[in-house]
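my_file27.txt (compact mmCIF, C-alpha atoms and all ligand atoms)
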```txt
# COMPACT_ATOMS: atom_id res chain seq x y z
CA MET A 20 48.66 111.78 25.96
CA ILE A 21 50.60 111.92 22.65
CA LEU A 22 52.85 109.11 23.93
CA GLU A 23 49.82 107.00 24.91
CA SER A 24 48.25 107.41 21.46
CA SER A 25 51.45 106.44 19.64
CA SER A 26 51.82 103.40 21.94
CA LEU A 27 48.28 102.34 21.10
CA ASN A 28 49.00 102.74 17.38
CA PHE A 29 52.14 100.65 17.77
CA ILE A 30 50.23 97.90 19.59
CA LEU A 31 47.49 97.89 16.95
CA ALA A 32 50.03 97.74 14.11
CA PHE A 33 51.92 94.94 15.87
CA ALA A 34 48.68 92.99 16.37
CA ALA A 35 47.80 93.45 12.70
CA VAL A 36 51.23 92.13 11.63
CA LEU A 37 50.81 89.11 13.94
CA LEU A 38 47.35 88.43 12.51
CA VAL A 39 48.64 88.54 8.91
CA CYS A 40 51.56 86.24 9.82
CA GLY A 41 49.12 83.82 11.48
CA VAL A 42 46.89 83.71 8.40
CA ILE A 43 49.89 83.13 6.08
CA LEU A 44 51.31 80.35 8.32
CA SER A 45 47.93 78.64 8.56
CA TYR A 46 47.53 78.80 4.76
CA LEU A 47 51.03 77.36 4.20
CA SER A 48 50.45 74.59 6.74
CA LYS A 49 47.11 73.62 5.14
CA ASN A 50 48.76 73.58 1.72
CA ALA A 51 51.62 71.37 2.95
CA GLN A 52 49.15 68.93 4.55
CA GLN A 53 47.12 68.78 1.34
CA THR A 54 50.28 68.12 -0.73
CA ASN A 55 51.38 65.35 1.65
CA THR A 56 47.98 63.64 1.51
CA GLU A 57 47.95 63.87 -2.28
CA ASP A 58 51.52 62.56 -2.54
CA ASP A 59 50.61 59.61 -0.27
CA LEU A 60 47.58 58.79 -2.41
CA VAL A 61 49.61 58.95 -5.64
CA ALA A 62 52.29 56.71 -4.07
CA LYS A 63 49.68 54.12 -3.00
CA LEU A 64 48.01 54.13 -6.40
CA ASN A 65 51.35 53.89 -8.18
CA ALA A 66 52.36 50.93 -5.98
CA ALA A 67 49.15 49.11 -6.96
CA LEU A 68 49.96 49.44 -10.69
CA PRO A 69 52.06 46.81 -12.49
CA GLY A 70 54.92 49.17 -13.36
CA ALA A 71 55.14 48.11 -17.01
CA GLN A 72 55.27 51.80 -18.11
CA CYS A 73 53.56 50.73 -21.34
CA ALA A 74 51.22 53.75 -21.76
CA GLN A 75 48.25 51.57 -22.71
CA CYS A 76 46.22 53.54 -20.15
CA GLY A 77 46.69 56.67 -22.28
CA TYR A 78 49.27 58.20 -19.91
CA PRO A 79 53.05 58.18 -20.41
CA GLY A 80 53.63 55.84 -17.45
CA CYS A 81 52.19 54.38 -14.26
CA GLU A 82 52.91 57.43 -12.10
CA ALA A 83 51.22 59.78 -14.56
CA TYR A 84 48.15 57.52 -14.51
CA ALA A 85 48.28 57.41 -10.68
CA LYS A 86 48.35 61.23 -10.56
CA ALA A 87 45.38 61.47 -12.93
CA LEU A 88 43.50 58.96 -10.75
CA ALA A 89 44.28 60.95 -7.60
CA HIS A 90 42.91 64.09 -9.28
CA GLY A 91 39.75 62.24 -10.35
CA GLU A 92 40.50 62.85 -14.03
CA VAL A 93 40.18 59.23 -15.18
CA THR A 94 38.43 56.01 -14.20
CA CYS A 95 40.41 53.20 -12.57
CA ASN A 96 39.83 50.61 -15.32
CA LYS A 97 42.36 51.84 -17.88
CA CYS A 98 45.41 49.73 -16.99
CA ILE A 99 45.19 46.84 -19.43
CA PRO A 100 48.20 44.83 -18.17
CA GLY A 101 46.86 45.10 -14.60
CA GLY A 102 43.46 43.61 -15.42
CA PRO A 103 40.59 43.10 -12.96
CA ASP A 104 42.78 42.68 -9.84
CA THR A 105 44.36 46.10 -10.40
CA ILE A 106 40.96 47.69 -10.99
CA GLU A 107 39.73 46.27 -7.69
CA ALA A 108 42.90 47.43 -5.88
CA LEU A 109 42.72 50.97 -7.29
CA ALA A 110 39.02 51.26 -6.47
CA SER A 111 39.69 50.11 -2.93
CA ILE A 112 42.45 52.74 -2.45
CA LEU A 113 40.19 55.44 -3.87
CA GLY A 114 37.29 54.26 -1.70
CA ILE A 115 34.95 53.85 -4.66
CA GLU A 116 33.08 50.99 -6.31
CA PRO A 117 34.92 49.58 -9.36
CA PRO A 118 33.47 51.27 -12.45
CA GLN A 119 30.90 49.44 -14.50
CA ASP A 120 30.01 50.17 -18.07
CA GLU A 121 26.48 50.09 -19.45
CA ASP A 122 26.62 46.31 -19.72
CA GLY A 123 27.50 45.82 -16.05
CA ASP A 124 30.70 44.04 -15.05
CA ASP A 125 32.24 43.80 -18.51
CA TYR A 126 35.61 44.99 -17.25
CA LEU A 127 36.06 41.51 -15.76
CA PHE A 128 36.26 40.25 -19.32
CA MET A 129 38.56 43.01 -20.56
CA PRO A 130 40.85 41.41 -23.16
CA ARG A 131 44.58 41.58 -22.46
CA THR A 132 46.84 43.13 -25.09
CA VAL A 133 49.97 41.13 -25.89
CA ALA A 134 52.68 41.10 -28.53
CA PHE A 135 52.48 38.70 -31.49
CA ILE A 136 55.38 37.95 -33.87
CA HIS A 137 54.58 37.33 -37.52
CA LYS A 138 56.87 34.45 -38.44
CA SER A 139 57.85 35.02 -42.06
CA PRO A 140 59.51 38.46 -41.79
CA CYS A 141 61.34 37.52 -38.53
CA THR A 142 65.08 37.14 -39.12
CA GLY A 143 65.85 35.91 -35.61
CA CYS A 144 68.02 38.92 -34.73
CA SER A 145 66.83 38.60 -31.11
CA ARG A 146 66.69 42.37 -30.51
CA CYS A 147 63.13 42.01 -29.23
CA ALA A 148 64.12 39.35 -26.68
CA ARG A 149 66.90 41.57 -25.35
CA VAL A 150 64.52 44.45 -24.54
CA CYS A 151 61.65 42.39 -23.14
CA PRO A 152 61.52 43.21 -19.40
CA VAL A 153 59.78 39.94 -18.49
CA ASP A 154 61.58 37.39 -20.72
CA ALA A 155 58.41 36.65 -22.63
CA ILE A 156 60.14 36.19 -26.03
CA ASN A 157 61.61 32.83 -26.98
CA GLY A 158 63.80 31.87 -29.93
CA ALA A 159 67.37 31.06 -30.87
CA ILE A 160 69.53 33.47 -32.90
CA ARG A 161 68.67 33.40 -36.64
CA GLN A 162 65.47 31.45 -35.94
CA THR A 163 61.96 32.85 -35.79
CA HIS A 164 60.99 34.11 -32.36
CA SER A 165 57.69 33.85 -30.53
CA VAL A 166 55.96 35.52 -27.59
CA ASP A 167 54.61 33.68 -24.57
CA PRO A 168 51.24 35.46 -24.08
CA GLU A 169 51.06 34.24 -20.49
CA LEU A 170 54.18 36.26 -19.59
CA CYS A 171 53.72 39.27 -21.89
CA THR A 172 52.58 42.41 -20.03
CA GLY A 173 51.79 44.31 -23.23
CA CYS A 174 54.43 46.99 -22.65
CA GLY A 175 55.15 47.31 -26.41
CA GLU A 176 58.94 47.67 -26.03
CA CYS A 177 59.62 44.85 -28.50
CA VAL A 178 57.47 46.49 -31.19
CA LYS A 179 59.65 49.61 -31.13
CA THR A 180 62.84 47.53 -31.41
CA CYS A 181 62.05 45.12 -34.26
CA PRO A 182 63.86 46.21 -37.47
CA GLU A 183 61.56 44.06 -39.62
CA GLU A 184 58.36 45.53 -38.12
CA CYS A 185 56.98 42.03 -37.68
CA ILE A 186 55.66 42.42 -34.11
CA GLU A 187 52.06 43.44 -33.64
CA MET A 188 50.10 44.14 -30.46
CA ILE A 189 46.92 42.07 -30.44
CA LYS A 190 43.98 41.76 -28.06
CA LEU A 191 43.47 38.27 -26.66
CA GLU A 192 39.91 37.09 -26.96
CA PRO A 193 38.72 36.04 -23.50
CA THR A 194 38.62 32.24 -23.43
CA PRO A 195 38.41 29.67 -20.60
CA ALA A 196 42.21 29.37 -20.94
CA ASN A 197 43.04 33.05 -20.36
CA PHE A 198 39.97 34.12 -18.35
CA ASN A 199 40.80 35.54 -14.92
CA TRP A 200 39.28 32.91 -12.64
CA ASP A 201 40.57 34.64 -9.54
CA ILE A 202 37.42 36.74 -9.08
CA LYS A 203 37.01 37.88 -5.49
CA SER A 204 33.28 38.58 -5.59
CA ILE A 205 30.42 38.84 -8.03
CA ARG A 206 28.06 41.75 -7.60
CA ILE A 207 24.42 41.12 -8.36
CA THR A 208 22.68 44.21 -9.67
CA GLY A 209 19.01 44.87 -10.37
CA GLY A 210 15.99 43.12 -8.90
CA LYS A 211 15.15 43.01 -5.17
S1 LIG B 1 48.69 50.73 -18.70
FE1 LIG B 1 49.15 50.16 -16.58
S2 LIG B 1 51.24 49.36 -16.63
FE2 LIG B 1 50.93 50.50 -18.53
S3 LIG B 1 51.67 52.60 -18.05
FE3 LIG B 1 49.47 52.58 -17.71
S4 LIG B 1 49.31 52.13 -15.53
FE4 LIG B 1 51.38 51.54 -16.10
S1 LIG B 2 56.83 40.52 -25.41
FE1 LIG B 2 57.03 42.67 -26.04
S2 LIG B 2 55.14 43.61 -25.30
FE2 LIG B 2 55.32 41.65 -24.27
S3 LIG B 2 56.34 42.15 -22.32
FE3 LIG B 2 57.94 41.56 -23.78
S4 LIG B 2 58.61 43.49 -24.68
FE4 LIG B 2 56.66 43.90 -23.67
S1 LIG B 3 63.34 41.86 -33.38
FE1 LIG B 3 61.90 41.27 -35.00
S2 LIG B 3 63.14 40.25 -36.51
FE2 LIG B 3 64.39 40.34 -34.65
S3 LIG B 3 63.92 38.39 -33.62
FE3 LIG B 3 62.50 39.86 -32.82
S4 LIG B 3 60.67 39.64 -34.08
FE4 LIG B 3 62.35 38.66 -35.17
```

Re-express the file's structure as structure tokens.
Amino acid sequence: MILESSSLNFILAFAAVLLVCGVILSYLSKNAQQTNTEDDLVAKLNAALPGAQCAQCGYPGCEAYAKALAHGEVTCNKCIPGGPDTIEALASILGIEPPQDEDGDDYLFMPRTVAFIHKSPCTGCSRCARVCPVDAINGAIRQTHSVDPELCTGCGECVKTCPEECIEMIKLEPTPANFNWDIKSIRITGGK
């Protein structure tokens, strides 16, 4: 009888250990799945961003912005170099409607930020042109340089490099020349 009771206790203890192990394994597996899904989402969002690492979104780089988007900490209209196409792509990945401000679809007219070189202080040292990742700066050595706003992504690298401090980041006013005509759809809000 004593042997039977101790056997029963052993079986119960063994079952309890198995149960605890099962709960721990299930928790770890759920956690791993969640991490994978989150990593995939961050990777997709990051791939949809322009990769300029310019921090104009308020985050230190594209991946940091992608992580904040995946955690729902920020809206998807903060990447200035990306413009409307990137907003649409991010919204599609997140499965949400692109954000609208109080005035409706104003983000479609979001001005791009580009570098501008003030001519008179420029010595033509060409340091800015050497760091520009997209070859947007033109000019011969010892002659004033200029930025091609069509190519400039607004990364700001040239501003940090100029010894004369003659490069300024400016917002382009939306005009027919720089307006993004490649609009996929126009939403009509209000009315019936
Ligand atoms: S503004 Fe856009 S390109 Fe610049 S770091 Fe942020 S996400 Fe990247
Ligand atoms: S011109 Fe300056 S801000 Fe524009 S892409 Fe080149 S380095 Fe970046
Ligand atoms: S780094 Fe400054 S001074 Fe040198 S070429 Fe560029 S704008 Fe001119």

Each chain A residue no farther than 8 Å from ligand LIG 3 (chain B), nearest pair in Å, all atoms listed in the file, as CSV:
```
residue,atom,partner,partner_atom,distance
A:Ile136,CA,B:LIG3,S4,5.6
A:His137,CA,B:LIG3,S4,7.4
A:Lys138,CA,B:LIG3,FE4,7.6
A:Pro140,CA,B:LIG3,S2,6.7
A:Cys141,CA,B:LIG3,FE4,3.7
A:Thr142,CA,B:LIG3,S2,4.5
A:Gly143,CA,B:LIG3,S3,3.7
A:Cys144,CA,B:LIG3,FE2,3.9
A:Ser145,CA,B:LIG3,S3,3.8
A:Arg146,CA,B:LIG3,S1,4.4
A:Cys147,CA,B:LIG3,S1,4.2
A:Ala148,CA,B:LIG3,FE3,6.4
A:Gly158,CA,B:LIG3,S3,7.5
A:Ile160,CA,B:LIG3,S3,7.5
A:Arg161,CA,B:LIG3,S3,7.5
A:Gln162,CA,B:LIG3,S3,7.5
A:Thr163,CA,B:LIG3,FE4,5.9
A:His164,CA,B:LIG3,S3,5.3
A:Ser165,CA,B:LIG3,S4,7.4
A:Cys177,CA,B:LIG3,S1,6.8
A:Val178,CA,B:LIG3,S1,7.8
A:Thr180,CA,B:LIG3,S1,6.0
A:Cys181,CA,B:LIG3,S1,3.6
A:Pro182,CA,B:LIG3,FE1,5.9
A:Glu183,CA,B:LIG3,S2,5.2
A:Glu184,CA,B:LIG3,FE1,6.4
A:Cys185,CA,B:LIG3,FE1,5.7
A:Ile186,CA,B:LIG3,S4,5.7
```

Provide an axis-aligned box for all listed atoms of ligand LIG 1 (chain B), padding each side by 8 Å; report its centre and its edge lengths in Å to one decimal, as lines of an AutoDock Vina configuration file.
```
center_x = 50.2
center_y = 51.0
center_z = -17.1
size_x = 19.0
size_y = 19.2
size_z = 19.2
```

- Shortest interatomic distance to A:Glu176 - which of A:Gly114, A:Pro152, A:Gly80, A:Pro103, counting all atoms listed in the file: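 Closest candidate: A:Pro152.
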
- Go through the chains and note each residue within 7 Å of ligand LIG 2 (chain B), using all atoms listed in the file, then give the set as a list in words.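 Based on all atoms listed in the file, ligand LIG 2 (chain B) is surrounded within 7 Å by Val133, Ala134, Cys147, Val150, Cys151, Pro152, Val153, Asp154, Ala155, Ile156, Val166, Leu170, Cys171, Thr172, Gly173, Cys174, Gly175, Glu176, Cys177 and Val178 of chain A.
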
- Task: Please extract the residues at most 9 Å from ligand LIG 1 (chain B), counting all atoms listed in the file, and provide them as a list in words, using the chain letters and residue numbers of this document.
- Result: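 Listing the residues within 9 Å of ligand LIG 1 (chain B) gives Asn65, Leu68, Pro69, Gly70, Ala71, Gln72, Cys73, Ala74, Gln75, Cys76, Gly77, Tyr78, Pro79, Gly80, Cys81, Glu82, Ala83, Tyr84, Ala85, Lys97, Cys98, Ile99, Pro100, Gly101, Gly102, Thr105, Thr172, Gly173 and Cys174 of chain A.
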
- Between atom CA of A:Lys86 and atom CA of A:Ala108, distance in Å (one decimal):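 These two atoms are separated by 15.6 Å.
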
- Message: Could you check the closest approach to A:Ile112 for each of A:Ala62, A:Ser139, A:Thr132, A:Glu92 and tell me which residue wins, using all atoms listed in the file?
- Response: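 Smallest distance to A:Ile112 is found for A:Ala62.
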
- Message: Please compute the atom CA of A:His90-atom CA of A:Asp104 distance, one decimal, in Å.
- Response: 21.4 Å

- Go through A:Arg131, A:Asp59, A:Leu113, A:Ala159 one by one, measure the shortest atom-to-atom distance of each to A:Ile189 using all atoms listed in the file, and give the residue with the smallest value.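 Closest residue, counting all atoms listed in the file: A:Arg131.
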
- Query: What does the distance from atom CA of A:Leu44 to atom CA of A:Gly91 come to in Å, to one decimal?
  - Reply: 28.5 Å

- Counting all atoms listed in the file, what is within 9 Å of A:Leu88, bar same-chain residues fewer than 6 positions away, as a list in words? Val61, Leu64, Thr94, Cys95, Leu109 and Leu113 of chain A

N, CA, C and O atoms for stretch 69-84 of chain A, written as an mmCIF file, in the coordinates of the input, could you do that?
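Result went into part_38.cif, see below:
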```
data_model
loop_
_atom_site.group_PDB
_atom_site.id
_atom_site.type_symbol
_atom_site.label_atom_id
_atom_site.label_comp_id
_atom_site.auth_asym_id
_atom_site.auth_seq_id
_atom_site.Cartn_x
_atom_site.Cartn_y
_atom_site.Cartn_z
ATOM 1 N N PRO A 69 51.049 47.832 -12.183
ATOM 2 C CA PRO A 69 52.060 46.810 -12.490
ATOM 3 C C PRO A 69 53.451 47.346 -12.796
ATOM 4 O O PRO A 69 54.415 46.593 -12.768
ATOM 5 N N GLY A 70 53.581 48.616 -13.111
ATOM 6 C CA GLY A 70 54.920 49.170 -13.360
ATOM 7 C C GLY A 70 55.479 48.870 -14.734
ATOM 8 O O GLY A 70 56.679 49.024 -14.966
ATOM 9 N N ALA A 71 54.632 48.456 -15.665
ATOM 10 C CA ALA A 71 55.140 48.110 -17.010
ATOM 11 C C ALA A 71 55.482 49.368 -17.832
ATOM 12 O O ALA A 71 56.192 49.276 -18.819
ATOM 13 N N GLN A 72 55.000 50.528 -17.417
ATOM 14 C CA GLN A 72 55.270 51.800 -18.110
ATOM 15 C C GLN A 72 54.939 51.702 -19.613
ATOM 16 O O GLN A 72 55.670 52.207 -20.452
ATOM 17 N N CYS A 73 53.847 51.038 -19.941
ATOM 18 C CA CYS A 73 53.560 50.730 -21.340
ATOM 19 C C CYS A 73 52.652 51.766 -22.007
ATOM 20 O O CYS A 73 52.448 51.725 -23.213
ATOM 21 N N ALA A 74 52.060 52.663 -21.245
ATOM 22 C CA ALA A 74 51.220 53.750 -21.760
ATOM 23 C C ALA A 74 49.907 53.276 -22.382
ATOM 24 O O ALA A 74 49.227 54.051 -23.042
ATOM 25 N N GLN A 75 49.534 52.026 -22.147
ATOM 26 C CA GLN A 75 48.250 51.570 -22.710
ATOM 27 C C GLN A 75 47.055 52.218 -22.022
ATOM 28 O O GLN A 75 45.948 52.182 -22.530
ATOM 29 N N CYS A 76 47.300 52.837 -20.853
ATOM 30 C CA CYS A 76 46.220 53.540 -20.150
ATOM 31 C C CYS A 76 45.951 54.908 -20.772
ATOM 32 O O CYS A 76 45.006 55.589 -20.404
ATOM 33 N N GLY A 77 46.838 55.343 -21.685
ATOM 34 C CA GLY A 77 46.690 56.670 -22.280
ATOM 35 C C GLY A 77 47.567 57.704 -21.596
ATOM 36 O O GLY A 77 47.529 58.885 -21.948
ATOM 37 N N TYR A 78 48.345 57.292 -20.604
ATOM 38 C CA TYR A 78 49.270 58.200 -19.910
ATOM 39 C C TYR A 78 50.702 57.693 -20.141
ATOM 40 O O TYR A 78 50.902 56.499 -20.397
ATOM 41 N N PRO A 79 51.692 58.585 -20.047
ATOM 42 C CA PRO A 79 53.050 58.180 -20.410
ATOM 43 C C PRO A 79 53.696 57.166 -19.459
ATOM 44 O O PRO A 79 54.779 56.665 -19.739
ATOM 45 N N GLY A 80 53.070 56.832 -18.372
ATOM 46 C CA GLY A 80 53.630 55.840 -17.450
ATOM 47 C C GLY A 80 52.710 55.663 -16.262
ATOM 48 O O GLY A 80 51.705 56.360 -16.128
ATOM 49 N N CYS A 81 53.068 54.707 -15.387
ATOM 50 C CA CYS A 81 52.190 54.380 -14.260
ATOM 51 C C CYS A 81 51.991 55.571 -13.325
ATOM 52 O O CYS A 81 50.882 55.809 -12.848
ATOM 53 N N GLU A 82 53.051 56.323 -13.037
ATOM 54 C CA GLU A 82 52.910 57.430 -12.100
ATOM 55 C C GLU A 82 51.982 58.524 -12.644
ATOM 56 O O GLU A 82 51.179 59.105 -11.910
ATOM 57 N N ALA A 83 52.096 58.767 -13.944
ATOM 58 C CA ALA A 83 51.220 59.780 -14.560
ATOM 59 C C ALA A 83 49.760 59.342 -14.455
ATOM 60 O O ALA A 83 48.872 60.155 -14.180
ATOM 61 N N TYR A 84 49.515 58.040 -14.645
ATOM 62 C CA TYR A 84 48.150 57.520 -14.510
ATOM 63 C C TYR A 84 47.692 57.638 -13.054
ATOM 64 O O TYR A 84 46.555 58.029 -12.776
#
```
